[in-house]
Amino acid sequence: MATYCISFRIADQIANGRSYNERRQSLIGAATASDGGYWDSTTSFILVESPLHTVEFAKSVCSGLSREHDTAVVFDPGDMSMCYFGQVPAKEVLKSFFVAPTAI
């Protein structure tokens with residue numbers, strides 16, 4: 001089981017026919033689907049355990065988000081794999097911290 005860090009920004013507007021809260025709950029629901037440990041006590045950062053590989057996990061977590069309006073970064077601190085989603089500012093700087101960063 002891997003431990004993932006998820007950092008995200010969800011636009012406070014309707015996107016793809018879904019509200020901010022609906023998109024946020026979609027992300028949290030997907031992140032906690034494996035019933036592993038998780039911590040989500042801040043607004044836009046979650047620590048969670050999952051048996052999925054980084055790309056598979058990130059695709060699941062981001063599936064309910066809007067590529068045009070929302071941003072997410074999912075990474076495994078154990079192997080430093082990372083996926084990013086949406087409009088990521090300073091993408092090249094972010095990617096420089098990780099092994100094989102992947103856009104999803």
# chains A, B, ... in the order shown; residues from 1 in each chain; ligands from 1
>>> residues_around(residues="Tyr38 (chain A)", least_positions_apart="5", cutoff="7 Å", atoms="only C-alpha atoms", output="NGL selection string")
:A and (32 or 47-49)
>>> residues_around(residues="Phe45 (chain A)", least_positions_apart="6", cutoff="9 Å", atoms="only C-alpha atoms", output="PyMOL selection string")
chain A and resi 5-8+39
>>> closest_residue(among="A:Ala15, A:Ala100, A:Ile10, A:Val55", to="Gln87 (chain A)", atoms="only C-alpha atoms")
A:Ile10
>>> residues_around(residues="Thr54 (chain A)", least_positions_apart="3", cutoff="10 Å", atoms="only C-alpha atoms", output="PyMOL selection string")
chain A and resi 2-4+50-51+57-60+74-76+79-83+102
>>> select_by_dssp(residues="chain A", states="strand (DSSP E or B)", output="PyMOL selection string")
chain A and resi 2-9+15+18+38-39+45-50+71-76+81-86+99-103
>>> write_last_selection(atoms="N, CA, C and O atoms", output="compact mmCIF listing (two decimals), in the first residue's frame")
# COMPACT_ATOMS: atom_id res chain seq x y z
N ALA A 2 0.63 2.15 -0.92
CA ALA A 2 1.39 3.39 -1.02
C ALA A 2 0.68 4.50 -0.26
O ALA A 2 -0.54 4.48 -0.10
N THR A 3 1.45 5.45 0.19
CA THR A 3 0.90 6.66 0.81
C THR A 3 1.01 7.78 -0.22
O THR A 3 2.08 7.99 -0.80
N TYR A 4 -0.09 8.48 -0.45
CA TYR A 4 -0.12 9.58 -1.42
C TYR A 4 -0.42 10.90 -0.75
O TYR A 4 -1.20 10.97 0.20
N CYS A 5 0.18 11.94 -1.29
CA CYS A 5 -0.13 13.31 -0.93
C CYS A 5 -0.91 13.89 -2.10
O CYS A 5 -0.50 13.75 -3.26
N ILE A 6 -2.03 14.51 -1.79
CA ILE A 6 -2.85 15.14 -2.82
C ILE A 6 -3.01 16.62 -2.46
O ILE A 6 -3.50 16.94 -1.38
N SER A 7 -2.58 17.47 -3.36
CA SER A 7 -2.79 18.90 -3.20
C SER A 7 -3.70 19.33 -4.34
O SER A 7 -3.49 18.91 -5.49
N PHE A 8 -4.70 20.13 -4.04
CA PHE A 8 -5.66 20.49 -5.09
C PHE A 8 -6.23 21.87 -4.88
O PHE A 8 -6.23 22.40 -3.77
N ARG A 9 -6.70 22.44 -6.00
CA ARG A 9 -7.44 23.71 -5.97
C ARG A 9 -8.65 23.50 -6.86
O ARG A 9 -8.52 23.18 -8.05
N ALA A 15 -18.68 23.80 -12.91
CA ALA A 15 -17.82 23.36 -14.01
C ALA A 15 -18.24 21.96 -14.41
O ALA A 15 -18.42 21.09 -13.54
N ARG A 18 -21.11 20.56 -12.52
CA ARG A 18 -20.96 20.15 -11.12
C ARG A 18 -20.47 21.33 -10.28
O ARG A 18 -19.61 22.10 -10.71
N TYR A 38 -6.37 7.80 6.05
CA TYR A 38 -6.35 9.10 5.38
C TYR A 38 -6.44 10.22 6.40
O TYR A 38 -6.92 10.04 7.51
N TRP A 39 -5.96 11.37 5.98
CA TRP A 39 -6.02 12.59 6.80
C TRP A 39 -6.40 13.71 5.86
O TRP A 39 -5.75 13.92 4.83
N PHE A 45 -5.52 19.66 0.99
CA PHE A 45 -4.41 18.72 1.07
C PHE A 45 -4.90 17.47 1.78
O PHE A 45 -5.55 17.55 2.82
N ILE A 46 -4.59 16.30 1.20
CA ILE A 46 -4.99 15.02 1.79
C ILE A 46 -3.80 14.07 1.78
O ILE A 46 -3.07 14.00 0.79
N LEU A 47 -3.64 13.33 2.85
CA LEU A 47 -2.73 12.19 2.90
C LEU A 47 -3.61 10.95 2.90
O LEU A 47 -4.58 10.86 3.67
N VAL A 48 -3.28 9.98 2.05
CA VAL A 48 -4.15 8.81 1.93
C VAL A 48 -3.34 7.58 1.51
O VAL A 48 -2.35 7.71 0.80
N GLU A 49 -3.77 6.41 1.96
CA GLU A 49 -3.17 5.15 1.54
C GLU A 49 -4.02 4.52 0.45
O GLU A 49 -5.24 4.58 0.50
N SER A 50 -3.35 3.90 -0.51
CA SER A 50 -4.06 3.22 -1.60
C SER A 50 -3.19 2.10 -2.15
O SER A 50 -1.97 2.25 -2.24
N THR A 71 -7.22 22.16 -10.40
CA THR A 71 -5.82 21.75 -10.41
C THR A 71 -5.61 20.70 -9.33
O THR A 71 -6.15 20.83 -8.24
N ALA A 72 -4.81 19.68 -9.64
CA ALA A 72 -4.47 18.68 -8.63
C ALA A 72 -3.07 18.15 -8.89
O ALA A 72 -2.64 18.02 -10.04
N VAL A 73 -2.37 17.85 -7.81
CA VAL A 73 -1.07 17.20 -7.85
C VAL A 73 -1.15 16.03 -6.89
O VAL A 73 -1.54 16.19 -5.73
N VAL A 74 -0.82 14.84 -7.39
CA VAL A 74 -0.85 13.62 -6.58
C VAL A 74 0.56 13.04 -6.63
O VAL A 74 1.10 12.81 -7.71
N PHE A 75 1.16 12.80 -5.45
CA PHE A 75 2.49 12.19 -5.48
C PHE A 75 2.68 11.20 -4.35
O PHE A 75 2.05 11.26 -3.31
N ASP A 76 3.58 10.26 -4.63
CA ASP A 76 3.96 9.22 -3.69
C ASP A 76 5.34 9.59 -3.15
O ASP A 76 6.32 9.53 -3.89
N SER A 81 7.09 9.45 -7.40
CA SER A 81 6.31 9.51 -8.63
C SER A 81 5.22 10.56 -8.43
O SER A 81 4.75 10.78 -7.32
N MET A 82 4.80 11.22 -9.53
CA MET A 82 3.85 12.31 -9.41
C MET A 82 3.02 12.43 -10.67
O MET A 82 3.50 12.21 -11.78
N CYS A 83 1.74 12.77 -10.50
CA CYS A 83 0.85 13.10 -11.60
C CYS A 83 0.25 14.47 -11.33
O CYS A 83 0.00 14.82 -10.17
N TYR A 84 0.02 15.22 -12.39
CA TYR A 84 -0.63 16.52 -12.25
C TYR A 84 -1.81 16.60 -13.20
O TYR A 84 -1.84 15.93 -14.23
N PHE A 85 -2.78 17.45 -12.83
CA PHE A 85 -4.03 17.56 -13.57
C PHE A 85 -4.43 19.02 -13.67
O PHE A 85 -4.31 19.77 -12.70
N GLY A 86 -4.93 19.42 -14.82
CA GLY A 86 -5.49 20.76 -14.97
C GLY A 86 -4.45 21.82 -15.23
O GLY A 86 -3.37 21.57 -15.74
N VAL A 99 10.35 12.20 -9.99
CA VAL A 99 10.79 11.22 -10.96
C VAL A 99 9.63 10.94 -11.90
O VAL A 99 8.54 10.62 -11.46
N ALA A 100 9.85 11.08 -13.19
CA ALA A 100 8.86 10.77 -14.22
C ALA A 100 7.48 11.38 -13.96
O ALA A 100 6.48 10.67 -13.85
N PRO A 101 7.38 12.71 -13.86
CA PRO A 101 6.05 13.33 -13.68
C PRO A 101 5.16 13.05 -14.89
O PRO A 101 5.65 12.99 -16.02
N THR A 102 3.89 12.87 -14.63
CA THR A 102 2.94 12.49 -15.67
C THR A 102 1.72 13.40 -15.66
O THR A 102 1.11 13.60 -14.62
N ALA A 103 1.36 13.93 -16.82
CA ALA A 103 0.13 14.69 -16.95
C ALA A 103 -1.01 13.68 -17.14
O ALA A 103 -0.85 12.71 -17.85
>>> closest_residue(among="A:His53, A:His69, A:Gln25, A:Gly78", to="Asp40 (chain A)", atoms="only C-alpha atoms")
A:Gln25
>>> select_by_dssp(residues="region 3-99 of chain A", states="helix (DSSP H, G or I)", output="JSON, numbers by chain")
{"A": [20, 21, 22, 23, 24, 25, 26, 27, 28, 29, 30, 31, 54, 55, 56, 57, 58, 59, 60, 61, 62, 91, 92, 93, 94, 95]}
>>> write_last_selection(atoms="N, CA and C atoms", output="mmCIF file, in the first residue's frame")
data_model
loop_
_atom_site.group_PDB
_atom_site.id
_atom_site.type_symbol
_atom_site.label_atom_id
_atom_site.label_comp_id
_atom_site.auth_asym_id
_atom_site.auth_seq_id
_atom_site.Cartn_x
_atom_site.Cartn_y
_atom_site.Cartn_z
ATOM 1 N N TYR A 20 -18.667 23.240 -6.903
ATOM 2 C CA TYR A 20 -17.415 23.093 -6.150
ATOM 3 C C TYR A 20 -17.524 21.907 -5.201
ATOM 4 N N ASN A 21 -18.565 21.865 -4.405
ATOM 5 C CA ASN A 21 -18.707 20.812 -3.401
ATOM 6 C C ASN A 21 -18.827 19.428 -4.042
ATOM 7 N N GLU A 22 -19.545 19.331 -5.140
ATOM 8 C CA GLU A 22 -19.677 18.032 -5.816
ATOM 9 C C GLU A 22 -18.324 17.545 -6.342
ATOM 10 N N ARG A 23 -17.532 18.453 -6.916
ATOM 11 C CA ARG A 23 -16.213 18.061 -7.416
ATOM 12 C C ARG A 23 -15.273 17.719 -6.266
ATOM 13 N N ARG A 24 -15.325 18.484 -5.183
ATOM 14 C CA ARG A 24 -14.475 18.198 -4.022
ATOM 15 C C ARG A 24 -14.846 16.847 -3.413
ATOM 16 N N GLN A 25 -16.125 16.574 -3.243
ATOM 17 C CA GLN A 25 -16.553 15.295 -2.672
ATOM 18 C C GLN A 25 -16.197 14.126 -3.588
ATOM 19 N N SER A 26 -16.211 14.351 -4.897
ATOM 20 C CA SER A 26 -15.787 13.326 -5.843
ATOM 21 C C SER A 26 -14.321 12.974 -5.620
ATOM 22 N N LEU A 27 -13.479 13.995 -5.475
ATOM 23 C CA LEU A 27 -12.058 13.778 -5.227
ATOM 24 C C LEU A 27 -11.856 13.021 -3.916
ATOM 25 N N ILE A 28 -12.487 13.473 -2.851
ATOM 26 C CA ILE A 28 -12.327 12.832 -1.537
ATOM 27 C C ILE A 28 -12.859 11.403 -1.554
ATOM 28 N N GLY A 29 -14.005 11.188 -2.179
ATOM 29 C CA GLY A 29 -14.572 9.849 -2.265
ATOM 30 C C GLY A 29 -13.656 8.882 -2.988
ATOM 31 N N ALA A 30 -13.087 9.319 -4.103
ATOM 32 C CA ALA A 30 -12.166 8.467 -4.855
ATOM 33 C C ALA A 30 -10.889 8.218 -4.070
ATOM 34 N N ALA A 31 -10.399 9.237 -3.387
ATOM 35 C CA ALA A 31 -9.160 9.100 -2.617
ATOM 36 C C ALA A 31 -9.313 8.122 -1.458
ATOM 37 N N THR A 54 0.545 5.056 -8.866
ATOM 38 C CA THR A 54 0.368 6.504 -8.900
ATOM 39 C C THR A 54 -0.541 6.987 -10.027
ATOM 40 N N VAL A 55 -0.288 6.564 -11.253
ATOM 41 C CA VAL A 55 -1.088 7.055 -12.382
ATOM 42 C C VAL A 55 -2.538 6.599 -12.246
ATOM 43 N N GLU A 56 -2.731 5.345 -11.907
ATOM 44 C CA GLU A 56 -4.089 4.804 -11.744
ATOM 45 C C GLU A 56 -4.831 5.529 -10.616
ATOM 46 N N PHE A 57 -4.149 5.743 -9.500
ATOM 47 C CA PHE A 57 -4.750 6.436 -8.366
ATOM 48 C C PHE A 57 -5.094 7.878 -8.731
ATOM 49 N N ALA A 58 -4.160 8.573 -9.373
ATOM 50 C CA ALA A 58 -4.387 9.981 -9.742
ATOM 51 C C ALA A 58 -5.547 10.117 -10.720
ATOM 52 N N LYS A 59 -5.639 9.232 -11.700
ATOM 53 C CA LYS A 59 -6.756 9.288 -12.646
ATOM 54 C C LYS A 59 -8.083 9.107 -11.922
ATOM 55 N N SER A 60 -8.120 8.213 -10.969
ATOM 56 C CA SER A 60 -9.342 7.995 -10.195
ATOM 57 C C SER A 60 -9.712 9.237 -9.386
ATOM 58 N N VAL A 61 -8.747 9.801 -8.710
ATOM 59 C CA VAL A 61 -8.966 10.972 -7.853
ATOM 60 C C VAL A 61 -9.418 12.184 -8.663
ATOM 61 N N CYS A 62 -8.874 12.352 -9.849
ATOM 62 C CA CYS A 62 -9.153 13.546 -10.658
ATOM 63 C C CYS A 62 -10.312 13.369 -11.626
ATOM 64 N N LYS A 91 4.664 24.703 -14.016
ATOM 65 C CA LYS A 91 4.695 23.255 -14.208
ATOM 66 C C LYS A 91 6.125 22.701 -14.274
ATOM 67 N N GLU A 92 7.005 23.387 -14.971
ATOM 68 C CA GLU A 92 8.376 22.889 -15.114
ATOM 69 C C GLU A 92 9.109 22.875 -13.770
ATOM 70 N N VAL A 93 8.854 23.861 -12.928
ATOM 71 C CA VAL A 93 9.465 23.882 -11.593
ATOM 72 C C VAL A 93 8.926 22.721 -10.766
ATOM 73 N N LEU A 94 7.623 22.537 -10.773
ATOM 74 C CA LEU A 94 7.016 21.429 -10.036
ATOM 75 C C LEU A 94 7.582 20.091 -10.504
ATOM 76 N N LYS A 95 7.639 19.883 -11.803
ATOM 77 C CA LYS A 95 8.120 18.617 -12.355
ATOM 78 C C LYS A 95 9.565 18.328 -11.968
#
>>> closest_residue(among="A:Ala90, A:Ser66, A:Ser41, A:Phe98", to="Asn16 (chain A)", atoms="only C-alpha atoms")
A:Ser66
